[in-house]
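Structure record follows, encoded as structure tokens.
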Amino acid sequence: MSGGYIPAADARTAASLLLLRDGDAGLEVLMLRRAERGDDPRSGAMVFPGGVLDPRDVHAHADCIGHDDRHWSGRLGVAERGLDYLVAALRECFEEVGLLLACAPDGSALDLAPRLGALHPWRERLNRGEVGMADFCRETGLRLDLRGLAYYSHWLTPPGSPKRFDTRFFCALAPHGQVAQADLGEAMELLWLTPAAALDPARDLKLLPVTRRTLADLARHTRAADAWQAAAVPREIRLVMPRRAVGRQGPRVVLPDEHSYAEIGRLDPHGHGRASADLVPGAPVSLSERVIRVTAPNPGPMTGPGTNSYIVHEGGRGCTVIDPGPPIDEHLRALIAAAPGPIERILVTHTHKDHSPAAALLHAATGAPVHGRRADHPMWQDDTFAPAVLLAGGERLAIGPATTLTVVHTPGHASNHLCYLLEEERTLFTGDHVMQGSTVVINPPDGDMSAYLRALEGLLRLEIDWFAPGHGWLVAQPHDVVRALVAHRLGREAKVADALRRLGPATVEALVPDVYAEVPKALHPMAQRSLLAHLLKLRDDGAAALDADSRWSAPAAG
């Protein structure tokens with residue numbers, strides 16, 4: 001296939017069909033238990049009907065009712081033979097569970113339930129590869145009915161797996177009156193289950209990651225027709241490729257929406273399964289030939305899995321620590337032990353108490369000078385911070401002949417916030433300027449929403465491929481992340497302006513439940529700080545006013 005999506009060379013192309021119906025408890029999906037096949041990870045798993053494409057599937061194109069190959073190839077993003085996937089989905093469904101989506105030659109509906117028994121031998125012949133679907137259609141006088149199929153998802157088995165499958169998933173309403181029957185070869189047991197029942201731990205079903213995620217998606221719907229309608233809406237369907245990793249309980253699969261996904265792909269592109277899916281405090285992680293990360297044992301609502309300290313070096317020389325973190329002795333020991341050589345420089349992104357207090361301790365232990373910037377306002381700052389070298393932004397710090405850090409002043413979260421760009425790897429150490437999976441609190445007076453947005457926009461002018469945040473894993477596609485953050489903040493600002501028009505004059509406390517309605521109430525005190533930052537920005541922009549009673553309102557019209 002040229003000019004379109006090309007499946008991975010080590011993966012077999014396949015198709016699967018989600019058959020939906022309404023049961024007593026709502027939407028049900030047909031699942032089958034696969035036969036036990038030695039060390040095959042799919043052995044005994046509950047899956048949906050499906051299997052690999054057959055070269056003969058192309059010959060059944062003329063026996064299909066519905067959109068043609070050009071349409072489906074475009075829909076699936078392949079150059080040609082997209083229709084093969086739909087033929088395979090219907091063929092495998094018929095082979096494994098005995099349900100047939102077919103119609104009369106003129107496209108009119110047929111009641112196939114009384115004929116299924118007589119058609120049973122075809123299931124065995126198809127399964128043995130003696131015939132193809134074109135033979136089946138010619139001999140039975142039926143046509144494959146694709147009109148009820150909706151393209152659902154596209155999954156690729158993780159790199160490094162013993163068997164890889166490049167699978168397109170489709171969904172359809174179960175054919176009326178037909179009764180599913182396991183072939184007892186591939187399908188050993190059939191179950192119609194609600195997604196919630198299939199996911200219930202009490203059932204202890206063996207579920208592959210793709211199956212588990214698909215069931216979770218289907219669980220949003222209560223009726224089969226609703227689920228089908230949602231799938232039938234034209235939309236971009238992106239390839240989902242999990243990755244193999246190791247977690248606290250052993251080997252596991254990581255999905256693309258998990259925070260560790262991009263980093264695992266960078267550290268273990270071939271899928272050996274050695275990269276960690278967890279941030280383990282004190283455990284050094286070599287992110288590249290120049291960068292080591294050590295996470296502090298200070299997890300919490302504001303720090304996520306803990307504060308990251310980074311060691312930048314060149315061949316074990318010129319070790320520079322970015323953000324030594326909180327003053328925790330075991331973290332300090334882990335940091336010194338992880339350095340491949342003497343620590344010569346200490347850099348601080350900002351002086352909040354989870355990032356900079358250990359700088360003084362690390363200086364005392366190593367003699368390395370502390371670099372950073374003082375905050376404009378002392379509130380909530382680390383009062384032990386005493387930089388030997390003051391940074392303004394724009395400095396280039398040579399770690400070695402081929403390793404350079406550029407200082408970038410990024411005020412907003414804090415007035416003295418600095419990021420550090422590792423030029424040779426186009427990696428930006430972001431501190432709290434950009435966090436992973438959440439937005440940072442902008443806390444006036446030292447926090448400034450206008451400055452924060454300007455600093456975010458400034459990142460779009462930098463050549464960067466990765467963010468190395470103060471909390472969390474490496475972040476890929478940094479410019480997309482920045483654009484999303486700016487859009488989110490501006491969207492929140494619009495909500496603030498709307499709340500002022502509807503509720504003002506109102507205090508900050510009164511506005512929080514409306515502006516942050518989707519945020520848990522336990523986090524409203526923190527949200528209130530960022531809300532004040534939004535209000536101050538709107539005031540500076542002439543879009544909000546503050547009265548003598550500390551109440552905010554939209555400016556008077558005219």
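In the structure tokens, each chain is lettered A, B, ... as it comes, each chain's residues begin at 1, and ligands are numbered from 1 in order of appearance.
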Using only C-alpha atoms, what does the table of stretch 155-268 of chain A residues within 12 Å of stretch 475-481 of chain A look like, with each row giving the shortest atom pair and its distance in Å to one decimal, sorted by chain and ascending number, as JSON lines?
{"residue": "A:Pro256", "atom": "CA", "partner": "A:Ala476", "partner_atom": "CA", "distance": 11.5}
{"residue": "A:Asp257", "atom": "CA", "partner": "A:Val475", "partner_atom": "CA", "distance": 11.7}
{"residue": "A:Glu258", "atom": "CA", "partner": "A:Val475", "partner_atom": "CA", "distance": 11.0}
{"residue": "A:His259", "atom": "CA", "partner": "A:Val475", "partner_atom": "CA", "distance": 8.0}
{"residue": "A:Ser260", "atom": "CA", "partner": "A:Val475", "partner_atom": "CA", "distance": 8.5}
{"residue": "A:Tyr261", "atom": "CA", "partner": "A:Val475", "partner_atom": "CA", "distance": 9.0}
{"residue": "A:Ala262", "atom": "CA", "partner": "A:Ala476", "partner_atom": "CA", "distance": 6.1}
{"residue": "A:Glu263", "atom": "CA", "partner": "A:Val475", "partner_atom": "CA", "distance": 7.1}
{"residue": "A:Ile264", "atom": "CA", "partner": "A:Val475", "partner_atom": "CA", "distance": 10.7}
{"residue": "A:Gly265", "atom": "CA", "partner": "A:Ala476", "partner_atom": "CA", "distance": 10.1}
{"residue": "A:Arg266", "atom": "CA", "partner": "A:Ala476", "partner_atom": "CA", "distance": 9.4}
Subject >> Polymer residues at most 8 Å from stretch 135-140 of chain A, only C-alpha atoms, same-chain spacing of 3 or more positions, as a ChimeraX atom specification >> reply: /A:60,63,122,131-132,143-144
Original post:
Hey, what does DSSP flag as strand (DSSP E) within stretch 165-279 of chain A? Can you give it to me as a PyMOL selection string?
Top reply: chain A and resi 165-173+187-193+239-240+243-247+250-254
Can you spit out the residues from that selection as a CSV table (one decimal), in the first residue's frame, using N, CA and C atoms?
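Printed below is out12.csv as written:
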chain,number,residue,atom,x,y,z
A,165,PHE,N,-0.4,-7.1,15.8
A,165,PHE,CA,-1.6,-7.0,15.0
A,165,PHE,C,-1.9,-5.5,14.7
A,166,ASP,N,-2.2,-5.1,13.5
A,166,ASP,CA,-2.6,-3.8,13.1
A,166,ASP,C,-4.1,-3.9,12.8
A,167,THR,N,-4.9,-3.6,13.7
A,167,THR,CA,-6.4,-3.9,13.7
A,167,THR,C,-7.3,-2.7,13.6
A,168,ARG,N,-8.2,-2.8,12.6
A,168,ARG,CA,-9.3,-1.8,12.5
A,168,ARG,C,-10.5,-2.4,13.2
A,169,PHE,N,-11.1,-1.6,14.0
A,169,PHE,CA,-12.3,-2.0,14.7
A,169,PHE,C,-13.5,-1.3,14.1
A,170,PHE,N,-14.6,-2.1,13.9
A,170,PHE,CA,-15.9,-1.6,13.3
A,170,PHE,C,-17.0,-1.9,14.3
A,171,CYS,N,-18.1,-1.3,14.3
A,171,CYS,CA,-19.2,-1.7,15.1
A,171,CYS,C,-20.5,-1.7,14.3
A,172,ALA,N,-21.4,-2.6,14.7
A,172,ALA,CA,-22.7,-2.7,14.0
A,172,ALA,C,-23.7,-3.2,15.0
A,173,LEU,N,-25.0,-2.9,14.7
A,173,LEU,CA,-26.1,-3.5,15.5
A,173,LEU,C,-26.2,-5.0,15.1
A,187,ALA,N,-13.4,-19.5,19.1
A,187,ALA,CA,-14.3,-19.0,20.2
A,187,ALA,C,-14.8,-20.2,21.0
A,188,MET,N,-14.4,-20.2,22.3
A,188,MET,CA,-14.7,-21.3,23.1
A,188,MET,C,-16.0,-21.0,23.9
A,189,GLU,N,-16.3,-19.7,24.1
A,189,GLU,CA,-17.5,-19.3,24.9
A,189,GLU,C,-17.9,-18.0,24.4
A,190,LEU,N,-19.2,-17.7,24.4
A,190,LEU,CA,-19.8,-16.4,24.0
A,190,LEU,C,-20.6,-15.9,25.1
A,191,LEU,N,-20.5,-14.5,25.2
A,191,LEU,CA,-21.2,-13.8,26.3
A,191,LEU,C,-21.7,-12.5,25.7
A,192,TRP,N,-23.0,-12.2,25.9
A,192,TRP,CA,-23.5,-10.8,25.7
A,192,TRP,C,-23.4,-10.1,27.0
A,193,LEU,N,-22.6,-9.1,27.1
A,193,LEU,CA,-22.4,-8.4,28.4
A,193,LEU,C,-22.5,-6.9,28.3
A,239,LEU,N,-4.4,6.3,15.1
A,239,LEU,CA,-3.8,5.0,15.5
A,239,LEU,C,-3.5,5.1,17.0
A,240,VAL,N,-3.8,4.0,17.7
A,240,VAL,CA,-3.5,3.9,19.1
A,240,VAL,C,-2.5,2.7,19.2
A,243,ARG,N,2.4,0.9,24.6
A,243,ARG,CA,3.9,0.5,24.7
A,243,ARG,C,4.0,-0.4,25.9
A,244,ARG,N,5.0,-1.2,25.9
A,244,ARG,CA,5.4,-2.1,27.0
A,244,ARG,C,6.3,-1.4,27.9
A,245,ALA,N,6.1,-1.6,29.2
A,245,ALA,CA,6.9,-1.0,30.3
A,245,ALA,C,6.8,-1.9,31.5
A,246,VAL,N,7.5,-1.4,32.5
A,246,VAL,CA,7.5,-2.1,33.8
A,246,VAL,C,6.9,-1.2,34.9
A,247,GLY,N,5.9,-1.7,35.6
A,247,GLY,CA,5.3,-0.9,36.7
A,247,GLY,C,5.7,-1.5,38.0
A,250,GLY,N,5.0,-5.1,38.1
A,250,GLY,CA,5.6,-5.9,37.1
A,250,GLY,C,5.3,-5.4,35.7
A,251,PRO,N,5.5,-6.2,34.7
A,251,PRO,CA,5.3,-5.7,33.3
A,251,PRO,C,3.9,-5.3,33.1
A,252,ARG,N,3.7,-4.2,32.3
A,252,ARG,CA,2.4,-3.7,32.0
A,252,ARG,C,2.4,-3.0,30.7
A,253,VAL,N,1.2,-2.7,30.2
A,253,VAL,CA,1.1,-1.9,28.9
A,253,VAL,C,0.6,-0.5,29.2
A,254,VAL,N,1.3,0.5,28.6
A,254,VAL,CA,1.0,1.9,28.8
A,254,VAL,C,0.3,2.4,27.6
May I have a table of the residues of stretch 342-412 of chain A lying at most 12 Å from stretch 460-468 of chain A, giving each one's closest pair of atoms and their distance in Å to one decimal, counting only C-alpha atoms, ordered by chain and ascending residue number, as a Markdown table?
| residue | atom | partner | partner_atom | distance |
| --- | --- | --- | --- | --- |
| A:Thr406 | CA | A:Leu462 | CA | 10.9 |
| A:Val407 | CA | A:Leu462 | CA | 11.9 |
| A:Val408 | CA | A:Leu462 | CA | 9.9 |
List as CSV every residue of stretch 340-361 of chain A that is in contact with stretch 286-301 of chain A, defined as an atom at most 10 Å from one of its atoms (using only C-alpha atoms), together with the nearest atom pair and the distance in Å rounded to one decimal, sorted by chain and then rising number.
residue,atom,partner,partner_atom,distance
A:Pro340,CA,A:Ile292,CA,9.2
A:Asp354,CA,A:Asn298,CA,8.1
A:His355,CA,A:Ala296,CA,9.8
Please save N, CA and C atoms of the selected residues as an mmCIF file, in the first residue's frame.
data_model
loop_
_atom_site.group_PDB
_atom_site.id
_atom_site.type_symbol
_atom_site.label_atom_id
_atom_site.label_comp_id
_atom_site.auth_asym_id
_atom_site.auth_seq_id
_atom_site.Cartn_x
_atom_site.Cartn_y
_atom_site.Cartn_z
ATOM 1 N N PRO A 340 27.291 11.513 37.747
ATOM 2 C CA PRO A 340 28.406 10.703 37.247
ATOM 3 C C PRO A 340 29.779 11.342 37.481
ATOM 4 N N ASP A 354 9.171 23.657 47.069
ATOM 5 C CA ASP A 354 9.402 22.290 46.609
ATOM 6 C C ASP A 354 10.509 22.226 45.555
ATOM 7 N N HIS A 355 11.113 23.366 45.218
ATOM 8 C CA HIS A 355 12.114 23.383 44.148
ATOM 9 C C HIS A 355 13.513 23.822 44.597
#
Within 7 Å of stretch 412-416 of chain A, which residues of stretch 433-534 of chain A show up? Give each one with its shortest atom-to-atom distance in Å (one decimal) and the two atoms involved, counting only C-alpha atoms, rows by chain then rising residue number, as a tab-separated table.
residue	atom	partner	partner_atom	distance
A:His433	CA	A:His413	CA	6.3
A:Val440	CA	A:His413	CA	6.9
A:Val441	CA	A:His413	CA	6.7
A:Ile442	CA	A:His413	CA	5.0
A:Asn443	CA	A:His413	CA	7.0
A:Asp446	CA	A:Ser415	CA	5.5
A:Gly447	CA	A:His413	CA	4.9
A:Asp448	CA	A:Gly412	CA	4.6
A:Met449	CA	A:Gly412	CA	5.8
A:Ala451	CA	A:Gly412	CA	4.9
A:Tyr452	CA	A:Gly412	CA	3.6
**OP:** Tell me, as a PyMOL selection string, which residues lie within 10 Å of A:Thr351, counting only C-alpha atoms; anything in the same chain fewer than 4 positions away does not count.
**Re:** chain A and resi 323+325+355-357+359+372-375+378+380-385+414-417
Original post:
If you count only C-alpha atoms, which residues fall within 10 Å of stretch 526-538 of chain A, apart from same-chain ones fewer than 4 positions away, as a ChimeraX atom specification?
Top reply: /A:302,412-413,439-451,489-490,492-494,496-497,500,507-513,515-516,519-522,542-546,552-554
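Restricting the calculation to only C-alpha atoms, the smallest distance between A:Arg123 and any of A:Gly98, A:Pro411, A:Pro505, A:Gly458 is found for A:Gly98.
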Subject >> Atom pair atom CA of A:Thr403 / atom CA of A:Glu424: separation (Å) >> reply: 6.3 Å
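Counting only C-alpha atoms, the residue from A:Val389, A:Leu119, A:His352, A:Ala364 that sits nearest to A:Asp432 is A:His352.
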**OP:** Rank nothing, just name the residue among A:Leu149, A:Ala232, A:Ala368, A:Ala216 nearest to A:Ile336, using only C-alpha atoms.
**Re:** A:Ala368
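Distance annotation: of A:Val482, A:Ala398, A:Ile328, A:Leu99, the residue with the minimal separation from A:Ala180 is A:Leu99; atom set is only C-alpha atoms.
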Original post:
Please, what distance in Å, to one decimal, runs between atom CA of A:Ser309 and atom CA of A:Ala339?
Top reply: 11.1 Å
